[in-house]
Amino acid sequence: ANRSSGKQGYAIARAAADLGARVTLVSGPVGLPDPAGVTVIRIETAEQMLAAVKKALPADAGVFAAAVADWRVINAADEKIKKDPKSKSPKLDLGENPDILKSIAHEAPSKRPPLVVGFAAETENVIEHAKKKRKAKGCNWIVANDVSPETGIMGGDRNTVHLITSDGVDSWPEMDK
């Protein structure tokens, strides 16, 4: 549902492992090699991702960089849906995917990581929207960035982010993901 490459999440997992952390990376379908020293759990759906993340708890920190689709098809066909010139386009019924960040941020204290970091990919009013998201999701930090098409961030190798905490906003310069 997006053009996210997974590069940011993989870079964070690799950096944490390089610093000596025991890292579990729950990854959707991406074309990236597994980071050295990282346990990688591959999933395909938001529901699978939530289950895998919960299974990996407890943890000291949870970093939620995945760009999970908000919606999923409820009744996916088991076979290819053929074109039929006599019929209309097929109807797609959509259901809401679980909110993984919010679910984990609101886990019982014995399961919730002490540090929960979310990401906010925004196209307008980046900092304002990210501040609201941090509070609504219940996470400690939000890493916000502008993913407007003209930025080239989605799928790109560089990024400019704003780290938003309860203490304020720290804007970082452009750097490699």
# chains A, B, ... in the order shown; residues from 1 in each chain; ligands from 1

$ select_by_dssp --residues "region 66-176 of chain A" --states "helix (DSSP H, G or I)" --output "number ranges by chain"
A: 100-105, 126-137, 149-151

$ write_last_selection --atoms "N, CA, C and O atoms" --output "PDB file, in the first residue's frame"
ATOM      1  N   ILE A 100      -0.465  -1.537  15.141  1.00  0.00           N
ATOM      2  CA  ILE A 100       0.593  -2.244  15.860  1.00  0.00           C
ATOM      3  C   ILE A 100       1.268  -1.335  16.877  1.00  0.00           C
ATOM      4  O   ILE A 100       1.455  -1.723  18.038  1.00  0.00           O
ATOM      5  N   LEU A 101       1.632  -0.128  16.481  1.00  0.00           N
ATOM      6  CA  LEU A 101       2.293   0.805  17.395  1.00  0.00           C
ATOM      7  C   LEU A 101       1.423   1.076  18.618  1.00  0.00           C
ATOM      8  O   LEU A 101       1.878   0.968  19.762  1.00  0.00           O
ATOM      9  N   LYS A 102       0.176   1.417  18.401  1.00  0.00           N
ATOM     10  CA  LYS A 102      -0.734   1.723  19.512  1.00  0.00           C
ATOM     11  C   LYS A 102      -0.962   0.498  20.389  1.00  0.00           C
ATOM     12  O   LYS A 102      -0.998   0.600  21.618  1.00  0.00           O
ATOM     13  N   SER A 103      -1.099  -0.671  19.763  1.00  0.00           N
ATOM     14  CA  SER A 103      -1.306  -1.907  20.530  1.00  0.00           C
ATOM     15  C   SER A 103      -0.150  -2.166  21.485  1.00  0.00           C
ATOM     16  O   SER A 103      -0.364  -2.480  22.660  1.00  0.00           O
ATOM     17  N   ILE A 104       1.057  -2.036  21.007  1.00  0.00           N
ATOM     18  CA  ILE A 104       2.228  -2.316  21.843  1.00  0.00           C
ATOM     19  C   ILE A 104       2.437  -1.211  22.881  1.00  0.00           C
ATOM     20  O   ILE A 104       2.781  -1.485  24.029  1.00  0.00           O
ATOM     21  N   ALA A 105       2.213   0.038  22.498  1.00  0.00           N
ATOM     22  CA  ALA A 105       2.366   1.144  23.444  1.00  0.00           C
ATOM     23  C   ALA A 105       1.385   1.043  24.607  1.00  0.00           C
ATOM     24  O   ALA A 105       1.646   1.574  25.691  1.00  0.00           O
ATOM     25  N   VAL A 126       4.112  18.392   8.925  1.00  0.00           N
ATOM     26  CA  VAL A 126       4.820  17.214   9.417  1.00  0.00           C
ATOM     27  C   VAL A 126       4.922  17.193  10.939  1.00  0.00           C
ATOM     28  O   VAL A 126       4.533  16.216  11.583  1.00  0.00           O
ATOM     29  N   ILE A 127       5.457  18.245  11.511  1.00  0.00           N
ATOM     30  CA  ILE A 127       5.694  18.251  12.962  1.00  0.00           C
ATOM     31  C   ILE A 127       4.369  18.287  13.730  1.00  0.00           C
ATOM     32  O   ILE A 127       4.187  17.546  14.699  1.00  0.00           O
ATOM     33  N   GLU A 128       3.441  19.105  13.299  1.00  0.00           N
ATOM     34  CA  GLU A 128       2.137  19.204  13.966  1.00  0.00           C
ATOM     35  C   GLU A 128       1.420  17.852  13.977  1.00  0.00           C
ATOM     36  O   GLU A 128       0.924  17.400  15.012  1.00  0.00           O
ATOM     37  N   HIS A 129       1.375  17.187  12.817  1.00  0.00           N
ATOM     38  CA  HIS A 129       0.703  15.882  12.745  1.00  0.00           C
ATOM     39  C   HIS A 129       1.444  14.831  13.576  1.00  0.00           C
ATOM     40  O   HIS A 129       0.817  13.984  14.226  1.00  0.00           O
ATOM     41  N   ALA A 130       2.757  14.879  13.564  1.00  0.00           N
ATOM     42  CA  ALA A 130       3.541  13.895  14.311  1.00  0.00           C
ATOM     43  C   ALA A 130       3.376  14.076  15.822  1.00  0.00           C
ATOM     44  O   ALA A 130       3.329  13.084  16.561  1.00  0.00           O
ATOM     45  N   LYS A 131       3.283  15.300  16.282  1.00  0.00           N
ATOM     46  CA  LYS A 131       3.043  15.534  17.714  1.00  0.00           C
ATOM     47  C   LYS A 131       1.717  14.919  18.137  1.00  0.00           C
ATOM     48  O   LYS A 131       1.620  14.273  19.191  1.00  0.00           O
ATOM     49  N   LYS A 132       0.690  15.103  17.324  1.00  0.00           N
ATOM     50  CA  LYS A 132      -0.626  14.529  17.623  1.00  0.00           C
ATOM     51  C   LYS A 132      -0.554  13.000  17.602  1.00  0.00           C
ATOM     52  O   LYS A 132      -1.160  12.329  18.446  1.00  0.00           O
ATOM     53  N   LYS A 133       0.186  12.452  16.637  1.00  0.00           N
ATOM     54  CA  LYS A 133       0.296  11.001  16.521  1.00  0.00           C
ATOM     55  C   LYS A 133       1.001  10.422  17.744  1.00  0.00           C
ATOM     56  O   LYS A 133       0.583   9.379  18.265  1.00  0.00           O
ATOM     57  N   ARG A 134       2.058  11.066  18.221  1.00  0.00           N
ATOM     58  CA  ARG A 134       2.786  10.573  19.394  1.00  0.00           C
ATOM     59  C   ARG A 134       1.844  10.433  20.585  1.00  0.00           C
ATOM     60  O   ARG A 134       1.824   9.404  21.269  1.00  0.00           O
ATOM     61  N   LYS A 135       1.037  11.439  20.802  1.00  0.00           N
ATOM     62  CA  LYS A 135       0.100  11.390  21.927  1.00  0.00           C
ATOM     63  C   LYS A 135      -0.995  10.350  21.702  1.00  0.00           C
ATOM     64  O   LYS A 135      -1.335   9.587  22.607  1.00  0.00           O
ATOM     65  N   ALA A 136      -1.562  10.318  20.511  1.00  0.00           N
ATOM     66  CA  ALA A 136      -2.666   9.399  20.216  1.00  0.00           C
ATOM     67  C   ALA A 136      -2.230   7.938  20.303  1.00  0.00           C
ATOM     68  O   ALA A 136      -2.993   7.082  20.754  1.00  0.00           O
ATOM     69  N   LYS A 137      -1.012   7.649  19.878  1.00  0.00           N
ATOM     70  CA  LYS A 137      -0.530   6.270  19.880  1.00  0.00           C
ATOM     71  C   LYS A 137      -0.024   5.854  21.249  1.00  0.00           C
ATOM     72  O   LYS A 137       0.026   4.673  21.559  1.00  0.00           O
ATOM     73  N   PRO A 149       6.004  13.269  -2.561  1.00  0.00           N
ATOM     74  CA  PRO A 149       6.722  12.700  -3.708  1.00  0.00           C
ATOM     75  C   PRO A 149       7.976  13.485  -4.104  1.00  0.00           C
ATOM     76  O   PRO A 149       8.986  12.895  -4.476  1.00  0.00           O
ATOM     77  N   GLU A 150       7.934  14.808  -3.997  1.00  0.00           N
ATOM     78  CA  GLU A 150       9.087  15.604  -4.419  1.00  0.00           C
ATOM     79  C   GLU A 150      10.315  15.438  -3.519  1.00  0.00           C
ATOM     80  O   GLU A 150      11.426  15.777  -3.900  1.00  0.00           O
ATOM     81  N   THR A 151      10.150  14.856  -2.307  1.00  0.00           N
ATOM     82  CA  THR A 151      11.295  14.663  -1.417  1.00  0.00           C
ATOM     83  C   THR A 151      12.146  13.472  -1.832  1.00  0.00           C
ATOM     84  O   THR A 151      13.330  13.425  -1.519  1.00  0.00           O
TER      85      THR A 151
END

$ residues_around --residues "Ala69 (chain A)" --least-positions-apart "4" --cutoff "12 Å" --atoms "only C-alpha atoms" --output "list of chain:residue names"
A:Ala1, A:Asn2, A:Arg3, A:Ser4, A:Gly28, A:Glu44, A:Thr45, A:Ala46, A:Glu47, A:Met49, A:Val73, A:Leu94, A:Gly95, A:Glu96, A:Asn97, A:Pro98, A:Asp99, A:Ile100

$ atom_distance --atom1 "CA of Lys86 (chain A)" --atom2 "CA of Ile74 (chain A)"
24.7 Å

$ select_by_dssp --residues "chain A" --states "strand (DSSP E)" --output "ChimeraX atom specification"
/A:23-27,38-42,61-64,71-73,94-96,115-122,141-146,158-159,162-165,168-171,175-176

$ residues_around --residues "Gly6 (chain A)" --least-positions-apart "5" --cutoff "10 Å" --atoms "only C-alpha atoms" --output "VMD selection string"
chain A and resid 11 27 to 32 65 to 67 154 to 155

$ residues_around --residues "Val169 (chain A)" --least-positions-apart "2" --cutoff "10 Å" --atoms "only C-alpha atoms" --output "MDAnalysis selection string"
chainID A and resid 127 131 141:144 162:167 171:172

$ atom_distance --atom1 "CA of Ala51 (chain A)" --atom2 "CA of Val63 (chain A)"
15.5 Å

$ residues_around --residues "region 37-42 of chain A" --least-positions-apart "6" --cutoff "8 Å" --atoms "only C-alpha atoms" --output "PyMOL selection string"
chain A and resi 13-14+17-18+22-29+52

$ closest_residue --among "A:Leu92, A:Met175, A:Ala36, A:Leu50" --to "Trp71 (chain A)" --atoms "only C-alpha atoms"
A:Leu92

$ residues_around --residues "Glu122 (chain A)" --least-positions-apart "5" --cutoff "7 Å" --atoms "only C-alpha atoms" --output "ChimeraX atom specification"
/A:145-147
